[in-house]
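Text of the file run_25.txt, holding compact mmCIF, C-alpha atoms and all ligand atoms:
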# COMPACT_ATOMS: atom_id res chain seq x y z
CA MET A 1027 93.38 110.97 99.26
CA ALA A 1028 92.61 108.07 96.93
CA LEU A 1029 91.45 105.55 99.50
CA VAL A 1030 87.84 104.77 98.62
CA ASN A 1031 85.02 102.70 100.05
CA MET A 1032 85.71 99.13 98.88
CA SER A 1033 82.06 98.25 98.61
CA ASP A 1034 81.46 101.14 96.18
CA MET A 1035 84.52 100.10 94.18
CA LEU A 1036 83.35 96.50 93.84
CA ARG A 1037 79.78 97.45 93.01
CA HIS A 1038 81.13 99.66 90.19
CA ALA A 1039 83.08 96.67 88.85
CA HIS A 1040 80.11 94.31 89.15
CA ARG A 1041 77.75 96.78 87.45
CA ASN A 1042 80.16 97.53 84.63
CA GLY A 1043 81.37 94.00 83.92
CA TYR A 1044 85.01 94.04 84.95
CA ALA A 1045 87.05 92.81 87.94
CA VAL A 1046 89.38 94.60 90.33
CA GLY A 1047 92.57 92.79 91.36
CA GLY A 1048 93.14 92.03 95.02
CA PHE A 1049 96.93 91.64 94.92
CA ASP A 1050 98.61 90.25 98.02
CA MET A 1051 101.65 92.28 99.05
CA VAL A 1052 104.43 90.76 101.14
CA SER A 1053 107.04 93.54 100.93
CA LEU A 1054 107.62 97.16 99.92
CA PRO A 1055 108.62 96.21 96.35
CA PHE A 1056 105.24 94.45 95.99
CA LEU A 1057 103.47 97.57 97.26
CA ASP A 1058 105.36 99.83 94.85
CA ALA A 1059 104.81 97.48 91.92
CA ILE A 1060 101.06 97.06 92.49
CA LEU A 1061 100.45 100.80 92.77
CA ALA A 1062 102.79 101.64 89.87
CA ALA A 1063 100.82 99.25 87.66
CA GLY A 1064 97.56 100.83 88.82
CA GLU A 1065 98.82 104.32 88.00
CA ARG A 1066 100.15 103.19 84.63
CA CYS A 1067 96.83 101.54 83.68
CA ARG A 1068 94.57 104.10 85.45
CA SER A 1069 93.04 101.14 87.28
CA PRO A 1070 91.37 100.80 90.69
CA VAL A 1071 93.23 98.31 92.87
CA ILE A 1072 92.95 96.45 96.16
CA LEU A 1073 96.07 96.05 98.29
CA SER A 1074 95.63 92.74 100.11
CA LEU A 1075 97.49 91.63 103.21
CA ALA A 1076 96.94 87.94 103.98
CA GLU A 1077 97.12 86.68 107.56
CA SER A 1078 98.96 83.57 106.32
CA HIS A 1079 101.77 85.85 105.07
CA PHE A 1080 102.40 87.63 108.38
CA GLU A 1081 105.48 85.46 108.93
CA HIS A 1082 107.11 87.44 106.08
CA PHE A 1083 106.55 90.98 107.38
CA ASP A 1084 105.31 93.02 110.33
CA PHE A 1085 101.62 93.69 109.77
CA GLU A 1086 101.57 97.04 111.55
CA THR A 1087 104.58 98.44 109.68
CA ALA A 1088 103.31 97.14 106.35
CA MET A 1089 99.92 98.75 107.00
CA ALA A 1090 101.55 102.12 107.70
CA ALA A 1091 103.36 101.93 104.36
CA ALA A 1092 100.29 100.68 102.48
CA GLU A 1093 98.07 103.40 103.88
CA ARG A 1094 100.59 106.16 103.18
CA ALA A 1095 101.10 104.96 99.62
CA ALA A 1096 97.36 104.54 99.04
CA ARG A 1097 96.61 108.07 100.25
CA ARG A 1098 99.29 109.44 97.93
CA ALA A 1099 97.98 107.50 94.90
CA SER A 1100 95.85 109.21 92.26
CA ILE A 1101 93.92 106.00 91.50
CA PRO A 1102 91.20 104.55 93.75
CA VAL A 1103 92.66 102.10 96.29
CA ALA A 1104 91.25 99.90 99.04
CA ILE A 1105 93.27 98.04 101.68
CA HIS A 1106 91.97 94.60 102.55
CA LEU A 1107 92.69 91.89 105.10
CA ASP A 1108 92.88 88.65 103.11
CA HIS A 1109 91.86 85.36 104.79
CA GLY A 1110 91.40 86.78 108.28
CA GLY A 1111 90.80 83.93 110.72
CA SER A 1112 89.20 85.61 113.72
CA LEU A 1113 87.21 88.55 115.06
CA ASP A 1114 90.32 89.81 116.84
CA MET A 1115 92.34 89.81 113.61
CA ALA A 1116 89.57 91.65 111.74
CA THR A 1117 89.39 94.29 114.50
CA ARG A 1118 93.17 94.69 114.48
CA ALA A 1119 93.19 95.07 110.70
CA ILE A 1120 90.54 97.80 110.78
CA ASN A 1121 92.33 99.62 113.59
CA LEU A 1122 95.54 99.52 111.53
CA GLY A 1123 93.79 100.97 108.46
CA CYS A 1124 92.16 98.18 106.44
CA ASN A 1125 88.89 99.36 104.89
CA GLY A 1126 87.84 95.88 103.84
CA VAL A 1127 88.17 92.58 105.69
CA MET A 1128 87.76 88.98 104.70
CA VAL A 1129 86.56 86.45 107.23
CA ASP A 1130 87.57 82.97 106.17
CA ALA A 1131 85.79 80.26 108.10
CA SER A 1132 85.28 78.24 104.94
CA GLU A 1133 86.90 75.12 106.43
CA GLU A 1134 84.22 75.08 109.15
CA SER A 1135 80.70 73.63 109.00
CA PHE A 1136 78.02 75.86 107.43
CA GLU A 1137 76.61 76.87 110.83
CA ALA A 1138 80.05 77.64 112.31
CA ASN A 1139 80.99 79.64 109.20
CA VAL A 1140 77.75 81.65 109.50
CA ALA A 1141 78.32 82.30 113.22
CA ARG A 1142 81.93 83.49 112.84
CA THR A 1143 81.05 85.61 109.81
CA GLN A 1144 78.11 87.20 111.66
CA GLU A 1145 80.31 88.41 114.51
CA VAL A 1146 82.88 89.88 112.11
CA VAL A 1147 80.16 91.58 110.05
CA ALA A 1148 78.57 93.12 113.16
CA MET A 1149 81.92 94.57 114.26
CA ALA A 1150 83.10 95.66 110.79
CA HIS A 1151 79.80 97.24 109.72
CA GLY A 1152 79.85 99.15 113.01
CA CYS A 1153 83.06 100.68 111.61
CA GLY A 1154 81.63 101.20 108.10
CA VAL A 1155 83.95 98.49 106.73
CA PRO A 1156 82.66 95.97 104.16
CA VAL A 1157 83.20 92.24 104.67
CA GLU A 1158 84.07 89.46 102.24
CA GLY A 1159 82.86 86.02 103.29
CA GLU A 1160 83.74 82.66 101.78
CA LEU A 1161 81.48 79.70 101.23
CA GLY A 1162 82.73 76.41 99.80
CA TYR A 1163 86.41 75.62 100.05
CA VAL A 1164 89.24 76.70 97.73
CA ALA A 1165 92.14 74.30 98.33
CA GLY A 1166 95.86 74.94 97.86
CA ALA A 1167 98.27 77.50 99.35
CA GLU A 1168 99.31 80.82 97.86
CA GLY A 1169 102.87 80.82 96.55
CA ASP A 1170 103.19 77.02 96.48
CA ASP A 1171 102.35 74.12 94.14
CA ALA A 1172 98.64 73.44 94.53
CA GLU A 1173 99.17 69.70 94.35
CA LYS A 1174 101.19 69.80 97.58
CA HIS A 1175 98.01 70.93 99.38
CA PRO A 1176 95.42 68.51 98.07
CA GLY A 1177 92.61 69.34 100.57
CA ALA A 1178 89.32 68.56 98.82
CA VAL A 1179 87.73 71.44 96.91
CA ARG A 1180 84.16 72.01 98.13
CA TYR A 1181 82.02 73.78 95.55
CA THR A 1182 79.70 76.62 96.57
CA ALA A 1183 76.01 75.72 96.28
CA PRO A 1184 73.75 78.60 95.06
CA GLU A 1185 70.93 78.00 97.57
CA GLU A 1186 73.36 77.70 100.47
CA ALA A 1187 75.03 80.91 99.27
CA ARG A 1188 71.69 82.72 99.40
CA GLU A 1189 71.09 81.60 103.00
CA TYR A 1190 74.68 82.48 103.97
CA VAL A 1191 74.42 86.00 102.52
CA GLU A 1192 70.99 86.63 104.05
CA ARG A 1193 72.06 85.49 107.50
CA THR A 1194 75.48 87.16 107.58
CA GLY A 1195 75.00 90.38 105.57
CA VAL A 1196 78.41 90.07 103.84
CA ASP A 1197 79.10 92.65 101.13
CA CYS A 1198 80.82 90.30 98.69
CA LEU A 1199 81.29 86.56 98.54
CA ALA A 1200 84.30 84.40 97.66
CA VAL A 1201 83.04 81.35 95.81
CA SER A 1202 84.56 77.97 95.14
CA ILE A 1203 83.96 76.99 91.51
CA GLY A 1204 87.09 75.01 90.66
CA THR A 1205 90.12 77.27 91.22
CA VAL A 1206 92.89 76.47 93.69
CA HIS A 1207 95.37 78.72 95.47
CA GLY A 1208 98.92 78.54 94.16
CA ARG A 1209 100.53 77.00 91.06
CA MET A 1210 98.37 74.63 89.03
CA ARG A 1211 99.29 71.93 86.59
CA GLY A 1212 97.14 72.27 83.44
CA GLN A 1213 93.83 74.06 83.25
CA PRO A 1214 91.31 73.63 86.07
CA GLN A 1215 87.72 72.53 85.50
CA LEU A 1216 85.77 75.70 86.15
CA ASP A 1217 82.05 75.37 86.79
CA PHE A 1218 80.69 78.39 84.93
CA ASP A 1219 77.04 77.26 85.19
CA ARG A 1220 77.35 77.12 88.97
CA LEU A 1221 78.91 80.59 89.01
CA ALA A 1222 76.12 81.98 86.80
CA ALA A 1223 73.50 80.47 89.12
CA ILE A 1224 75.17 81.99 92.21
CA ASN A 1225 75.39 85.36 90.48
CA ASN A 1226 71.72 85.29 89.48
CA THR A 1227 70.68 84.23 92.97
CA LEU A 1228 72.72 86.81 94.88
CA GLY A 1229 73.25 89.86 92.63
CA LEU A 1230 76.32 90.61 94.78
CA PRO A 1231 79.96 91.19 93.71
CA LEU A 1232 81.60 87.75 93.67
CA VAL A 1233 85.25 87.08 94.47
CA LEU A 1234 87.57 84.58 92.82
CA HIS A 1235 90.46 83.23 94.86
CA GLY A 1236 93.37 81.44 93.26
CA GLY A 1237 93.65 83.64 90.16
CA THR A 1238 97.12 82.37 89.19
CA GLY A 1239 97.32 80.15 86.13
CA LEU A 1240 93.95 80.84 84.48
CA SER A 1241 93.73 81.71 80.78
CA ASP A 1242 92.57 85.12 79.57
CA GLU A 1243 89.49 83.48 78.11
CA SER A 1244 88.60 81.87 81.45
CA PHE A 1245 88.97 85.23 83.19
CA HIS A 1246 86.62 86.87 80.67
CA ARG A 1247 83.96 84.17 81.18
CA LEU A 1248 84.32 84.39 84.96
CA ILE A 1249 83.87 88.16 84.89
CA ARG A 1250 80.83 87.89 82.58
CA ASN A 1251 79.29 85.67 85.25
CA GLY A 1252 79.68 88.00 88.22
CA ILE A 1253 83.32 87.87 89.38
CA ALA A 1254 84.16 91.46 90.39
CA LYS A 1255 87.31 90.85 92.46
CA ILE A 1256 90.16 88.51 91.59
CA ASN A 1257 92.73 87.52 94.21
CA TYR A 1258 96.15 87.12 92.70
CA TYR A 1259 99.49 86.38 94.26
CA THR A 1260 101.53 83.34 93.20
CA ALA A 1261 102.19 84.53 89.64
CA VAL A 1262 103.53 87.90 90.85
CA ASN A 1263 105.65 86.13 93.46
CA ASP A 1264 107.02 83.76 90.79
CA VAL A 1265 107.87 86.63 88.41
CA ALA A 1266 109.94 88.14 91.23
CA GLY A 1267 111.58 84.79 91.95
CA ARG A 1268 112.61 84.32 88.31
CA ARG A 1269 114.09 87.79 88.17
CA ILE A 1270 116.04 87.24 91.39
CA ARG A 1271 117.43 83.93 90.09
CA ALA A 1272 118.54 85.63 86.84
CA ASN A 1273 120.19 88.40 88.87
CA ALA A 1274 121.99 85.81 90.98
CA GLU A 1275 123.34 84.13 87.86
CA ASN A 1276 124.45 87.41 86.30
CA THR A 1277 125.96 88.90 89.45
CA PRO A 1278 127.02 85.97 91.66
CA ASP A 1279 128.71 88.29 94.15
CA GLY A 1280 125.80 90.73 94.32
CA GLY A 1281 124.07 91.68 97.53
CA TYR A 1282 120.41 92.40 98.24
CA THR A 1283 120.06 95.42 95.95
CA ALA A 1284 121.76 93.59 93.07
CA MET A 1285 119.34 90.68 93.54
CA MET A 1286 116.36 93.06 93.56
CA HIS A 1287 117.41 94.83 90.36
CA GLY A 1288 114.41 95.03 88.01
CA VAL A 1289 112.14 93.03 90.35
CA ARG A 1290 109.64 95.83 90.92
CA GLY A 1291 109.35 96.53 87.19
CA ALA A 1292 108.82 92.85 86.38
CA MET A 1293 106.11 92.52 89.06
CA ALA A 1294 104.43 95.74 87.87
CA ASP A 1295 104.32 94.37 84.30
CA GLU A 1296 102.52 91.22 85.48
CA VAL A 1297 100.02 93.24 87.56
CA ALA A 1298 99.41 95.59 84.62
CA ARG A 1299 98.84 92.61 82.32
CA CYS A 1300 96.09 91.44 84.69
CA MET A 1301 94.50 94.89 84.89
CA GLU A 1302 94.27 94.99 81.08
CA CYS A 1303 92.89 91.46 80.89
CA TRP A 1304 90.30 91.93 83.66
CA GLY A 1305 89.02 95.23 82.25
CA SER A 1306 89.88 97.37 85.27
CA ALA A 1307 92.41 99.40 83.22
CA GLY A 1308 91.00 102.83 82.41
CA ARG A 1309 88.33 102.63 85.15
CA ALA A 1310 90.04 104.80 87.79
CA GLU A 1311 88.17 108.00 87.00
CA GLY A 1312 84.78 106.23 86.88
CA VAL A 1313 85.37 104.60 90.25
CA LEU A 1314 86.56 107.84 91.83
CA ALA A 1315 83.44 109.63 90.59
CA GLU A 1316 81.07 106.99 91.99
CA SER A 1317 82.77 105.92 95.25
CA ARG A 1318 82.68 107.51 98.66
CA PRO A 1319 86.15 108.59 99.74
CA TRP A 1320 87.43 106.74 102.78
CA HIS A 1321 88.54 109.22 105.39
CA PRO A 1322 89.02 109.13 109.11
CA VAL A 1323 87.18 111.14 111.75
CA GLU A 1324 89.03 112.93 114.53
CA HIS A 1325 87.14 112.77 117.84
CA VAL A 1326 88.43 115.80 119.75
CA ILE A 1327 87.87 116.43 123.45
CA LEU A 1328 89.33 119.49 125.20
CA TYR A 1329 88.91 119.63 128.97
CA ASN A 1330 89.90 121.02 132.35
CA VAL A 1331 89.95 118.98 135.53
CA SER A 1332 88.92 119.77 139.07
CA GLY A 1333 89.68 118.05 142.36
CA VAL A 1334 92.63 115.93 141.07
CA ASP A 1335 96.35 116.57 140.68
CA ASP A 1336 98.35 116.07 137.47
CA ALA A 1337 99.59 112.62 138.49
CA ARG A 1338 95.98 111.40 138.81
CA VAL A 1339 95.12 112.92 135.42
CA GLU A 1340 98.08 111.17 133.81
CA ALA A 1341 97.08 107.84 135.34
CA MET A 1342 93.53 108.35 134.07
CA MET A 1343 94.85 109.12 130.56
CA ALA A 1344 97.14 106.05 130.58
CA ARG A 1345 94.21 103.85 131.54
CA GLY A 1346 92.10 105.47 128.81
CA ARG A 1347 94.74 104.87 126.16
CA GLN A 1348 94.86 101.21 127.14
CA VAL A 1349 91.10 100.67 127.16
CA LEU A 1350 90.11 102.80 124.17
CA ALA A 1351 92.86 101.96 121.66
CA GLY A 1352 91.63 98.37 121.34
CA LEU A 1353 88.00 99.23 120.61
CA PRO A 1354 86.75 98.52 117.08
CA GLY A 1355 87.48 101.37 114.66
CA VAL A 1356 89.86 103.28 116.94
CA ARG A 1357 92.99 104.07 114.92
CA ARG A 1358 94.92 106.09 117.49
CA VAL A 1359 94.50 107.62 120.95
CA PHE A 1360 96.53 110.73 121.66
CA THR A 1361 96.38 112.32 125.08
CA GLY A 1362 97.91 115.75 125.59
CA ARG A 1363 98.59 118.62 127.94
CA ALA A 1364 98.57 122.24 126.69
CA VAL A 1365 102.09 123.42 125.87
CA LYS A 1366 101.49 126.89 127.29
CA ASP A 1367 100.15 127.80 130.72
CA GLY A 1368 96.87 129.64 130.66
CA ALA A 1369 95.39 127.83 127.63
CA GLN A 1370 91.60 127.79 127.68
CA TYR A 1371 91.67 124.01 127.97
CA ARG A 1372 94.58 122.30 129.67
CA PHE A 1373 94.12 118.68 128.47
CA SER A 1374 93.03 116.89 125.33
CA TRP A 1375 92.04 113.56 123.81
CA LEU A 1376 92.51 113.21 120.07
CA ILE A 1377 90.97 109.91 119.07
CA GLU A 1378 91.12 108.95 115.42
CA PHE A 1379 88.22 106.83 114.17
CA ALA A 1380 88.46 104.72 111.01
CA SER A 1381 85.30 106.33 109.63
CA GLU A 1382 82.20 108.30 110.56
CA ALA A 1383 80.33 105.10 111.40
CA VAL A 1384 82.61 104.58 114.40
CA ILE A 1385 81.23 107.68 116.21
CA GLU A 1386 78.03 105.90 117.26
CA THR A 1387 79.61 102.47 117.74
CA TYR A 1388 82.28 103.93 120.00
CA LYS A 1389 79.83 106.01 122.00
CA ALA A 1390 77.76 102.92 122.79
CA HIS A 1391 80.63 100.51 123.44
CA PRO A 1392 80.35 99.23 127.04
CA GLU A 1393 84.10 99.62 127.71
CA HIS A 1394 84.01 103.23 126.55
CA VAL A 1395 80.86 103.94 128.56
CA ALA A 1396 82.39 102.42 131.71
CA PHE A 1397 85.67 104.32 131.35
CA ALA A 1398 83.95 107.63 130.60
CA ASN A 1399 81.46 107.33 133.45
CA GLU A 1400 83.79 105.98 136.11
CA HIS A 1401 87.11 107.67 135.36
CA PHE A 1402 86.82 110.60 132.99
CA ARG A 1403 83.56 112.51 133.38
CA PRO A 1404 83.67 112.75 137.21
CA VAL A 1405 86.90 114.82 137.05
CA ALA A 1406 86.37 116.65 133.73
CA GLY A 1407 83.14 118.59 134.05
CA ASP A 1408 84.49 121.48 131.98
CA ARG A 1409 84.90 120.03 128.47
CA ILE A 1410 83.95 120.29 124.84
CA SER A 1411 83.79 117.44 122.36
CA ILE A 1412 83.66 117.71 118.55
CA ASP A 1413 83.99 115.12 115.76
CA PHE A 1414 85.82 116.33 112.65
CA ALA A 1415 85.62 114.53 109.30
CA GLY A 1416 88.85 114.60 107.30
CA ILE A 1417 88.50 116.63 104.13
CA GLY A 1418 92.02 116.38 102.83
CA ASP A 1419 95.50 115.28 103.60
CA ASP A 1420 97.67 118.10 102.35
CA VAL A 1421 100.97 116.40 103.05
CA ALA A 1422 100.04 113.42 100.90
CA GLU A 1423 98.58 115.62 98.17
CA ALA A 1424 101.64 117.86 98.05
CA ARG A 1425 103.97 114.85 97.73
CA ARG A 1426 102.02 113.17 94.97
P1 LIG B 1501 96.96 82.66 93.81
O1 LIG B 1501 98.18 82.69 94.65
O2 LIG B 1501 96.62 81.30 93.26
O3 LIG B 1501 96.99 83.71 92.73
O4 LIG B 1501 95.72 83.01 94.77
C1 LIG B 1501 95.77 84.18 95.54
C2 LIG B 1501 94.62 84.25 96.48
O5 LIG B 1501 93.58 83.68 96.27
C3 LIG B 1501 94.82 85.05 97.71
O6 LIG B 1501 93.69 85.07 98.53

What's the C-alpha cells form of this structure?
Amino acid sequence: MALVNMSDMLRHAHRNGYAVGGFDMVSLPFLDAILAAGERCRSPVILSLAESHFEHFDFETAMAAAERAARRASIPVAIHLDHGGSLDMATRAINLGCNGVMVDASEESFEANVARTQEVVAMAHGCGVPVEGELGYVAGAEGDDAEKHPGAVRYTAPEEAREYVERTGVDCLAVSIGTVHGRMRGQPQLDFDRLAAINNTLGLPLVLHGGTGLSDESFHRLIRNGIAKINYYTAVNDVAGRRIRANAENTPDGGYTAMMHGVRGAMADEVARCMECWGSAGRAEGVLAESRPWHPVEHVILYNVSGVDDARVEAMMARGRQVLAGLPGVRRVFTGRAVKDGAQYRFSWLIEFASEAVIETYKAHPEHVAFANEHFRPVAGDRISIDFAGIGDDVAEARR
C-alpha cells in the first residue's frame, strides 16, 4: 500500500531540497519503467496522466493499471491528473483513483484562471485531494518540437502568484520561468531570480513543467530555488522512439514485441538518471515515514425493506448507482442482495470513497440527500451504516 498523500510527498521534497519527478505515462511499458526506476533508486515518484494524451490510451483502463501497480510498489507513489482542463475531468480523475489533480487554466485571463481553479479546489479538497494550479504560460507541446508551438511564454509574476494562491488555496503551483514543453533547441533562458522571488513569497512547493532538455546544473539551481516537482515526458518518449527505430533496423521483419525489445529498460534508465540528478533517489523511506498513506474508505449500508417488492428495490438500486457513482470522491457503487435466505440483512450498498474526507462531502451533497430522502430511506427503515477505513490490501502486499 505505497500510495501516499501527494501534498505530504511534495512538502517533504520542498523542505529537504530535492524534487520528485512527475513522469507522464502513455502505456504499460511507461508505467513499468517509471516504477522500476523508482524501486531501483528508492525514490518517491508521481505517475502523471495528461488529458492531452488521452488519444493514446483509455484513461479508465490506464488508471486501473496505475493504481494496482502503485499499491504493489514499495516506494511512495502518487497518481496525478496532468493538465486537467475542467471540473468534470478533475472529478472523473479522482473517481478513477488520482490522488492529485492539476487544473490548467493558464491560457485564460487571471480572473478566469482563479475562478476555474477555485471550483476545482473546492471539489478536490472535499475529497482530500491536493491541487496543482498554473499561473503564467508554459508554451510548447509534450513530445513535439517546442518551436512548432510558438505560443508566447508568459512569465509568472510573484505578486500575482501570491494573490492566486491566497484566492484559490492550491497546494502547489506550476510556474512559468522560461521552460517550454517538448524538445528545445539550445538552452533556454531561465529566470532564476523570478523563481527565487516566487519561492520566498509563497513558501509552497513549486512545479516545473517542460523538464526535457535542461542541464543538470540548471536542475540543481531550480531545485535550490523551490522547485519540488518536475514534469518530464518528451525525453523518455524519445528514448523509447530511438530504441524502437534501432529494433526496426536490426529486425526488419519483427512484430510488436520485437520492436519493444529493451524499450522498458531504456526508459527506466532515463527516469533513474533524473531521480539521481534531482535528489529524489534514496528518499523513499523518509517520505514513507512522513506521509499519510492514501487509502480508501468503504461506506457500508446493510438494510431490509418493507412495503416494496424486489423489482422496486432493484429499480431503486439502479437509480442509486446512476446518481451516486458520479458524485465527487465516489470510486465505486456496489449494490447487493444476500446470497442466502434468512440473512440478518437482505440488501447492501458498498460505496467506496477515495478518502476519509469524502464521508462528510458525500453526506452533504444535494444529489445524495435527495436520493436518500426520496427513494431510499422511506423503504429501508431497518438499516445500519458504517464507514471502514482501509488498513491494508493483502492481495497487493502478498504479490509484491
Ligand atoms: P516535457 O515533455 O518537456 O518534459 O514536459 C513535460 C510536462 O511538462 C508535462 O506536464

Check the smallest atom-to-atom distance from each of A:Phe1218, A:Phe1360, A:Tyr1259, A:Phe1245 to ligand LIG 1501 (chain B) using only C-alpha atoms and all ligand atoms, then report the winner.
A:Tyr1259

Neighbourhood of ligand LIG 1501 (chain B) at 9 Å, counting all atoms listed in the file, reported as a PyMOL selection string
chain A and resi 1048-1050+1074-1076+1108-1109+1164+1166-1170+1172+1205-1210+1234-1239+1256-1263

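Using all atoms listed in the file, the smallest distance between any of A:Asn1125, A:Ser1112, A:Thr1387, A:Thr1194 and Trp1320 of chain A comes from A:Asn1125.
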
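Each of A:Leu1228, A:Lys1255, A:Thr1117, A:Val1201 was checked against Ser1306 of chain A using all atoms listed in the file; the smallest atom-to-atom distance is that of A:Lys1255.
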
Which residues, written as number ranges by chain, have at least one atom at most 12 Å from Pro1354 of chain A, with all atoms listed in the file counted and residues fewer than 5 positions away on the same chain left out?
A: 1113-1124, 1146-1155, 1349, 1378-1381, 1383-1394

Give as a list in words the set of residues within 9 Å of the point (82.1, 106.7, 94.9), where distances use the file's coordinates and all atoms listed in the file.
Val1030, Asn1031, Asp1034, Met1035, His1038, Gly1312, Val1313, Leu1314, Ala1315, Glu1316, Ser1317, Arg1318 and Pro1319 of chain A

Quick one: of A:Arg1068, A:Arg1268, A:Arg1220, A:Arg1309, who's nearest to Ala1292 of chain A, counting all atoms listed in the file?
A:Arg1268

As a count of residues only, please: the residues near Met1343 of chain A (cut-off 12 Å, only C-alpha atoms, same-chain neighbours under 5 positions excluded).
22

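Between atom CA of Phe1083 of chain A and atom CA of Val1052 of chain A lies a distance of 6.6 Å.
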
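A straight line drawn from atom CA of Glu1065 of chain A to atom CA of Gly1267 of chain A is 23.7 Å long.
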
In Å, with one decimal, what is the gap from atom CA of Tyr1044 of chain A to atom CA of Ser1078 of chain A?
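These atoms are spaced 27.6 Å apart.
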
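Checking A:Ala1092, A:Ala1274, A:Ala1254, A:Ala1028 one by one against Ala1059 of chain A, counting all atoms listed in the file, you find the shortest gap at A:Ala1092.
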
May I ask which of the residues A:Asn1399, A:Asn1042, A:Ser1411, A:Thr1277 is the closest one to Tyr1329 of chain A, counting only C-alpha atoms?
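With only C-alpha atoms as the atom set, the closest residue is A:Ser1411.
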
Skipping near chain neighbours, those fewer than 3 positions away, what residues fall within 6 Å of Glu1324 of chain A using only C-alpha atoms, listed as a PyMOL selection string?
chain A and resi 1377-1378+1413-1414

Please list as a ChimeraX atom specification every residue within 12 Å of Asn1225 of chain A, counting only C-alpha atoms and excluding residues in the same chain fewer than 2 positions away.
/A:1040,1182-1185,1187-1188,1198-1201,1218-1223,1227-1233,1248-1254
